[in-house]
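Asks: After the structure tokens below, expect a handful of questions from me.
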Amino acid sequence: MDIFEPDMEDNFRHQGMRKLLVEELRRKGIANEDVLRVIGEIPRHLFCFDTVFVEFAYDDKAFPIGAGQTISQPYTVAFQTDLLNLKKREKVLEIGTGSGYQTAVLAKMGAKVFSIERQRTLHEKAVDLLQKFNLKARCFYGDGYAGREAFAPFDKILVTCGAPFVPDALKAQLKIGGRMVVPVGEFNGVQIMNVLDKVGENDFEITEHGNFQFVPMLDKTDTIH
Ligand code: SAH
């Protein structure tokens with residue numbers, strides 16, 4: 001990646017750590033070479049925002065990014081991206097831009113990305129960062145429960161926060177033949193990774209893909225930063 005700003009350094013040490021991370025993900029069972037290549041290319045340390053954590057950016061762990069939120073664990077990003085089964089130029093709606101890291105992964109995979117974030121501070125930082133990387137993604141400050149009707153239908157929808165249920169608007173905005181990947185479950189607990197394949201206007205084939213822990217999908221009653 002071309003990085004011109006001094007505070008956007010991506011040096012050999014970072015690149016070396018990234019290689020090790022990719023190997024770790026491979027060992028943990030990620031076999032999708034496109035996903036591994038992209039994770040090997042994107043400087044995750046620059047998405048961790050808080051410089052205190054830069055040292056740890058290449059551990060396979062989630063980290064705080066402010067506003068009570070986290071950047072997802074690399075394994076989770078890889079796992080969800082793999083489940084999406086992306087084809088180039090597909091339209092993808094992401095719920096929970098957060099740091100913008102997953103957004104960058106999707107854009108680098110060749111998807112046309114639309115992403116919604118509930119926290120304004122995170123939205124603004126992510127937009128700024130994605131621009132610096134010259135990555136094209138349309139980011140919106142708003143409520144993921146509503147999706148983005150104006151740009152529907154989407155080939156794929158990826159939810160990166162723990163949803164108490166699958167929002168109807170997201171089901172409606174998915175193309176027939178499309179796929180949604182969404183962790184579903186109670187707050188402060190465990191979510192089950194759900195894959196919904198839309199086979200008819202109101203018809204979904206649902207499969208489950210193990211337990212994960214995400215920050216909760218916020219609704220209107222939650223505090224917004
Ligand atoms: N994809 C992000 C993951 C961030 S964690 C990354 O790679 O960094 C999940 C994000 O979902 C948080 O930033 C949180 O603010 C956001 N979020 C929570 N509820 C939301 C909602 N209703 N609509 C949109 N975003 C939401």
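By convention here, the chains of the structure tokens are called A, B, ... in the order presented, each chain's residues are numbered starting at 1, and ligands are numbered starting at 1 in the order presented.
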Env of region 14-20 of chain A: 9 Å cut, atoms = only C-alpha atoms, seq-sep filter 6 positions within chain, self excluded. Answer as a VMD selection string.

Replies: chain A and resid 39 to 45 57 to 59

Asks: Next, dump the selected residues to file, keeping only all heavy atoms, as a short mmCIF file (atom, residue, chain, number, x, y, z; two decimals), in the first residue's frame.

Replies:
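Saved as result_2.cif:
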```cif
data_model
loop_
_atom_site.label_atom_id
_atom_site.label_comp_id
_atom_site.auth_asym_id
_atom_site.auth_seq_id
_atom_site.Cartn_x
_atom_site.Cartn_y
_atom_site.Cartn_z
N ILE A 39 -5.20 -10.05 4.29
CA ILE A 39 -4.80 -9.80 5.68
C ILE A 39 -3.29 -9.57 5.74
O ILE A 39 -2.80 -8.74 6.51
CB ILE A 39 -5.27 -10.95 6.59
CG1 ILE A 39 -6.79 -10.80 6.77
CG2 ILE A 39 -4.54 -10.94 7.95
CD1 ILE A 39 -7.44 -11.83 7.64
N GLY A 40 -2.56 -10.24 4.87
CA GLY A 40 -1.12 -10.04 4.79
C GLY A 40 -0.73 -8.68 4.22
O GLY A 40 0.38 -8.20 4.42
N GLU A 41 -1.67 -8.04 3.52
CA GLU A 41 -1.37 -6.75 2.88
C GLU A 41 -1.76 -5.54 3.72
O GLU A 41 -1.17 -4.47 3.59
CB GLU A 41 -2.11 -6.66 1.54
CG GLU A 41 -1.51 -7.51 0.45
CD GLU A 41 -2.36 -7.56 -0.82
OE1 GLU A 41 -3.39 -6.85 -0.89
OE2 GLU A 41 -1.99 -8.31 -1.72
N ILE A 42 -2.80 -5.69 4.53
CA ILE A 42 -3.35 -4.50 5.21
C ILE A 42 -2.68 -4.26 6.56
O ILE A 42 -2.66 -5.14 7.42
CB ILE A 42 -4.89 -4.63 5.40
CG1 ILE A 42 -5.55 -4.78 4.02
CG2 ILE A 42 -5.44 -3.41 6.13
CD1 ILE A 42 -7.03 -4.98 4.08
N PRO A 43 -2.11 -3.06 6.74
CA PRO A 43 -1.43 -2.75 8.00
C PRO A 43 -2.41 -2.58 9.16
O PRO A 43 -2.88 -1.48 9.44
CB PRO A 43 -0.69 -1.44 7.71
CG PRO A 43 -1.04 -1.03 6.34
CD PRO A 43 -2.07 -1.94 5.79
N ARG A 44 -2.72 -3.67 9.82
CA ARG A 44 -3.73 -3.63 10.88
C ARG A 44 -3.35 -2.66 11.99
O ARG A 44 -4.22 -2.08 12.64
CB ARG A 44 -3.94 -5.04 11.45
CG ARG A 44 -5.07 -5.13 12.49
CD ARG A 44 -5.34 -6.58 12.89
NE ARG A 44 -6.52 -6.74 13.72
CZ ARG A 44 -6.49 -6.83 15.06
NH1 ARG A 44 -5.34 -6.79 15.70
NH2 ARG A 44 -7.61 -6.97 15.74
N HIS A 45 -2.04 -2.47 12.22
CA HIS A 45 -1.64 -1.59 13.33
C HIS A 45 -2.16 -0.16 13.12
O HIS A 45 -2.39 0.55 14.08
CB HIS A 45 -0.11 -1.59 13.52
CG HIS A 45 0.67 -1.10 12.35
ND1 HIS A 45 0.88 -1.84 11.21
CD2 HIS A 45 1.30 0.09 12.14
CE1 HIS A 45 1.62 -1.14 10.37
NE2 HIS A 45 1.88 0.03 10.90
N ALA A 57 -0.85 -5.18 17.73
CA ALA A 57 -1.82 -5.20 16.62
C ALA A 57 -1.79 -6.49 15.83
O ALA A 57 -2.76 -6.82 15.15
CB ALA A 57 -1.57 -4.02 15.68
N TYR A 58 -0.68 -7.23 15.92
CA TYR A 58 -0.60 -8.45 15.13
C TYR A 58 -0.77 -9.72 15.97
O TYR A 58 -0.52 -10.82 15.50
CB TYR A 58 0.69 -8.45 14.29
CG TYR A 58 0.58 -7.34 13.26
CD1 TYR A 58 1.28 -6.14 13.41
CD2 TYR A 58 -0.29 -7.46 12.20
CE1 TYR A 58 1.12 -5.11 12.51
CE2 TYR A 58 -0.47 -6.44 11.30
CZ TYR A 58 0.25 -5.26 11.45
OH TYR A 58 0.06 -4.24 10.56
N ASP A 59 -1.21 -9.53 17.23
CA ASP A 59 -1.70 -10.68 17.98
C ASP A 59 -3.09 -11.00 17.44
O ASP A 59 -3.80 -10.10 16.99
CB ASP A 59 -1.83 -10.34 19.46
CG ASP A 59 -0.48 -10.33 20.16
OD1 ASP A 59 0.50 -10.77 19.53
OD2 ASP A 59 -0.42 -9.88 21.31
#
```

Asks: Which residues, written as a count of residues only, have at least one atom at most 10 Å from Glu208 (chain A), with only C-alpha atoms counted and residues fewer than 3 positions away on the same chain left out?

Replies: 10

Asks: Give me the residues of chain A that have any atom at most 7 Å from an atom of ligand 1; for each, the nearest atom pair and the distance in Å, rounded to one decimal. Use only C-alpha atoms and all ligand atoms, sort by chain and number, and format it as a Markdown table.

Replies:
```
| residue | atom | partner | partner_atom_place_in_ligand_line | distance |
| --- | --- | --- | --- | --- |
| A:Gln69 | CA | ligand 1 | 12 (C) | 5.1 |
| A:Thr70 | CA | ligand 1 | 5 (S) | 4.9 |
| A:Ile71 | CA | ligand 1 | 8 (O) | 3.4 |
| A:Ser72 | CA | ligand 1 | 7 (O) | 4.9 |
| A:Val77 | CA | ligand 1 | 7 (O) | 7.0 |
| A:Ile95 | CA | ligand 1 | 24 (C) | 5.0 |
| A:Gly96 | CA | ligand 1 | 11 (O) | 3.2 |
| A:Thr97 | CA | ligand 1 | 1 (N) | 4.7 |
| A:Gly98 | CA | ligand 1 | 13 (O) | 3.3 |
| A:Ser99 | CA | ligand 1 | 8 (O) | 3.8 |
| A:Gly100 | CA | ligand 1 | 8 (O) | 5.3 |
| A:Tyr101 | CA | ligand 1 | 7 (O) | 4.4 |
| A:Gln102 | CA | ligand 1 | 7 (O) | 4.1 |
| A:Thr103 | CA | ligand 1 | 1 (N) | 6.5 |
| A:Ile116 | CA | ligand 1 | 24 (C) | 5.0 |
| A:Glu117 | CA | ligand 1 | 25 (N) | 3.8 |
| A:Arg118 | CA | ligand 1 | 25 (N) | 4.1 |
| A:Gln119 | CA | ligand 1 | 15 (O) | 5.0 |
| A:Leu122 | CA | ligand 1 | 13 (O) | 6.6 |
| A:Gly142 | CA | ligand 1 | 24 (C) | 6.2 |
| A:Asp143 | CA | ligand 1 | 23 (N) | 4.1 |
| A:Gly144 | CA | ligand 1 | 23 (N) | 3.3 |
| A:Tyr145 | CA | ligand 1 | 22 (N) | 5.4 |
| A:Thr160 | CA | ligand 1 | 9 (C) | 5.1 |
| A:Cys161 | CA | ligand 1 | 9 (C) | 4.4 |
| A:Phe214 | CA | ligand 1 | 5 (S) | 6.9 |
| A:Val215 | CA | ligand 1 | 9 (C) | 5.8 |
| A:Pro216 | CA | ligand 1 | 18 (C) | 5.9 |
| A:Met217 | CA | ligand 1 | 19 (N) | 3.4 |
| A:Leu218 | CA | ligand 1 | 19 (N) | 3.7 |
| A:Asp219 | CA | ligand 1 | 22 (N) | 5.3 |
```

Asks: For N, CA, C and O atoms, I'd like the residues from the last selection saved as a CSV table (one decimal), in the first residue's frame.

Replies:
```csv
chain,number,residue,atom,x,y,z
A,69,GLN,N,-15.8,0.4,21.9
A,69,GLN,CA,-15.9,-0.6,20.8
A,69,GLN,C,-14.5,-1.3,20.6
A,69,GLN,O,-13.5,-0.8,21.2
A,70,THR,N,-14.5,-2.3,19.8
A,70,THR,CA,-13.2,-3.0,19.5
A,70,THR,C,-13.1,-3.2,18.1
A,70,THR,O,-14.0,-3.2,17.3
A,71,ILE,N,-11.8,-3.4,17.6
A,71,ILE,CA,-11.5,-3.9,16.3
A,71,ILE,C,-11.6,-5.4,16.5
A,71,ILE,O,-11.1,-6.0,17.4
A,72,SER,N,-12.3,-6.1,15.5
A,72,SER,CA,-12.5,-7.5,15.7
A,72,SER,C,-11.2,-8.3,15.6
A,72,SER,O,-10.2,-7.8,15.0
A,77,VAL,N,-12.4,-11.8,11.7
A,77,VAL,CA,-12.5,-11.1,10.4
A,77,VAL,C,-12.3,-12.1,9.2
A,77,VAL,O,-13.0,-12.1,8.3
A,95,ILE,N,-22.4,-4.0,8.6
A,95,ILE,CA,-22.9,-3.3,9.7
A,95,ILE,C,-21.9,-3.2,10.8
A,95,ILE,O,-21.5,-4.3,11.3
A,96,GLY,N,-21.4,-2.0,11.2
A,96,GLY,CA,-20.4,-1.8,12.2
A,96,GLY,C,-19.0,-1.6,11.6
A,96,GLY,O,-18.2,-2.5,11.6
A,97,THR,N,-18.9,-0.4,11.0
A,97,THR,CA,-17.6,0.0,10.4
A,97,THR,C,-16.4,-0.1,11.4
A,97,THR,O,-15.3,-0.6,11.1
A,98,GLY,N,-16.7,0.3,12.6
A,98,GLY,CA,-15.7,0.3,13.7
A,98,GLY,C,-14.4,1.0,13.3
A,98,GLY,O,-14.4,2.2,12.8
A,99,SER,N,-13.3,0.3,13.3
A,99,SER,CA,-12.0,0.8,12.9
A,99,SER,C,-11.9,1.0,11.4
A,99,SER,O,-11.0,1.7,10.9
A,100,GLY,N,-12.7,0.3,10.6
A,100,GLY,CA,-12.6,0.3,9.2
A,100,GLY,C,-11.7,-0.8,8.7
A,100,GLY,O,-11.5,-1.0,7.5
A,101,TYR,N,-11.2,-1.7,9.6
A,101,TYR,CA,-10.3,-2.7,9.1
A,101,TYR,C,-11.0,-3.8,8.3
A,101,TYR,O,-10.6,-4.1,7.2
A,102,GLN,N,-12.2,-4.3,8.8
A,102,GLN,CA,-12.9,-5.2,8.0
A,102,GLN,C,-13.4,-4.6,6.7
A,102,GLN,O,-13.4,-5.3,5.6
A,103,THR,N,-13.8,-3.3,6.7
A,103,THR,CA,-14.2,-2.6,5.5
A,103,THR,C,-13.0,-2.7,4.5
A,103,THR,O,-13.2,-2.9,3.3
A,116,ILE,N,-22.0,0.8,7.6
A,116,ILE,CA,-22.7,1.7,8.5
A,116,ILE,C,-22.1,1.6,9.9
A,116,ILE,O,-21.9,0.5,10.4
A,117,GLU,N,-22.0,2.8,10.5
A,117,GLU,CA,-21.5,2.8,11.9
A,117,GLU,C,-22.3,3.7,12.8
A,117,GLU,O,-22.7,4.8,12.4
A,118,ARG,N,-22.6,3.2,14.0
A,118,ARG,CA,-23.5,3.9,14.9
A,118,ARG,C,-22.8,5.0,15.7
A,118,ARG,O,-23.5,5.9,16.3
A,119,GLN,N,-21.5,4.9,15.9
A,119,GLN,CA,-20.7,5.9,16.7
A,119,GLN,C,-20.1,6.9,15.8
A,119,GLN,O,-19.2,6.5,14.9
A,122,LEU,N,-16.1,7.1,15.6
A,122,LEU,CA,-15.5,6.0,14.9
A,122,LEU,C,-15.8,6.1,13.4
A,122,LEU,O,-14.8,5.9,12.6
A,142,GLY,N,-25.0,6.0,10.9
A,142,GLY,CA,-26.4,5.7,11.0
A,142,GLY,C,-26.7,4.4,11.7
A,142,GLY,O,-25.8,3.8,12.4
A,143,ASP,N,-27.9,3.9,11.6
A,143,ASP,CA,-28.4,2.8,12.4
A,143,ASP,C,-28.4,1.5,11.5
A,143,ASP,O,-29.2,1.4,10.6
A,144,GLY,N,-27.6,0.6,11.8
A,144,GLY,CA,-27.5,-0.7,11.1
A,144,GLY,C,-28.8,-1.5,11.0
A,144,GLY,O,-29.0,-2.2,10.1
A,145,TYR,N,-29.7,-1.3,12.0
A,145,TYR,CA,-30.9,-2.0,12.0
A,145,TYR,C,-31.7,-1.7,10.8
A,145,TYR,O,-32.5,-2.5,10.3
A,160,THR,N,-21.0,-7.1,11.9
A,160,THR,CA,-19.8,-7.3,12.7
A,160,THR,C,-20.0,-6.9,14.2
A,160,THR,O,-19.1,-6.6,14.9
A,161,CYS,N,-21.3,-6.8,14.6
A,161,CYS,CA,-21.6,-6.7,16.0
A,161,CYS,C,-22.7,-7.8,16.4
A,161,CYS,O,-23.3,-8.3,15.5
A,214,PHE,N,-19.0,-10.9,20.3
A,214,PHE,CA,-18.9,-9.5,19.6
A,214,PHE,C,-19.4,-8.5,20.6
A,214,PHE,O,-20.1,-8.8,21.6
A,215,VAL,N,-19.0,-7.2,20.3
A,215,VAL,CA,-19.7,-6.1,21.1
A,215,VAL,C,-21.1,-6.1,20.6
A,215,VAL,O,-21.4,-6.4,19.4
A,216,PRO,N,-22.0,-5.6,21.4
A,216,PRO,CA,-23.5,-5.7,21.1
A,216,PRO,C,-23.8,-4.7,19.9
A,216,PRO,O,-23.3,-3.6,19.8
A,217,MET,N,-24.8,-5.1,19.1
A,217,MET,CA,-25.4,-4.2,18.2
A,217,MET,C,-26.3,-3.3,19.0
A,217,MET,O,-27.3,-3.7,19.6
A,218,LEU,N,-26.0,-2.0,18.9
A,218,LEU,CA,-26.7,-1.0,19.7
A,218,LEU,C,-28.0,-0.6,19.1
A,218,LEU,O,-28.2,-0.6,17.9
A,219,ASP,N,-29.0,-0.3,19.9
A,219,ASP,CA,-30.3,0.2,19.4
A,219,ASP,C,-30.4,1.7,19.9
A,219,ASP,O,-29.5,2.2,20.5
```

Asks: Give me, as a PyMOL selection string, all polymer residues having an atom no more than 8 Å from region 80-82 of chain A, counting only C-alpha atoms and skipping those fewer than 5 positions away in the same chain.

Replies: chain A and resi 30+32+35+106+158+181

Asks: Would you mind listing what lies within 12 Å of Gln131 (chain A) as number ranges by chain, with only C-alpha atoms counted and same-chain residues fewer than 6 positions away left out?

Replies: A: 2-3, 100, 103-104, 107, 124-125, 137-139

Asks: Could you tell me which of A:Ile65, A:Val38, A:Met180, A:Met8 comes closest to Val22 (chain A) if we count only C-alpha atoms?

Replies: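 Of A:Ile65, A:Val38, A:Met180, A:Met8, the one nearest Val22 (chain A), counting only C-alpha atoms, is A:Val38.
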
Asks: Nearest to Asp203 (chain A) among A:Asp60, A:Leu130, A:Leu174, A:Val190, with distances taken over only C-alpha atoms: which residue is it?

Replies: A:Leu174

Asks: Between A:Lys156, A:Leu129, A:Ser115, A:Asp7, which has the minimum distance to Tyr141 (chain A) (counting only C-alpha atoms)?

Replies: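 With only C-alpha atoms as the atom set, the closest residue is A:Ser115.
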
Asks: With distances taken over only C-alpha atoms, which of A:Leu21, A:Arg148, A:Pro153, A:Phe133 is nearest to Glu9 (chain A)?

Replies: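 Checking each candidate against Glu9 (chain A), we get A:Phe133 as the closest.
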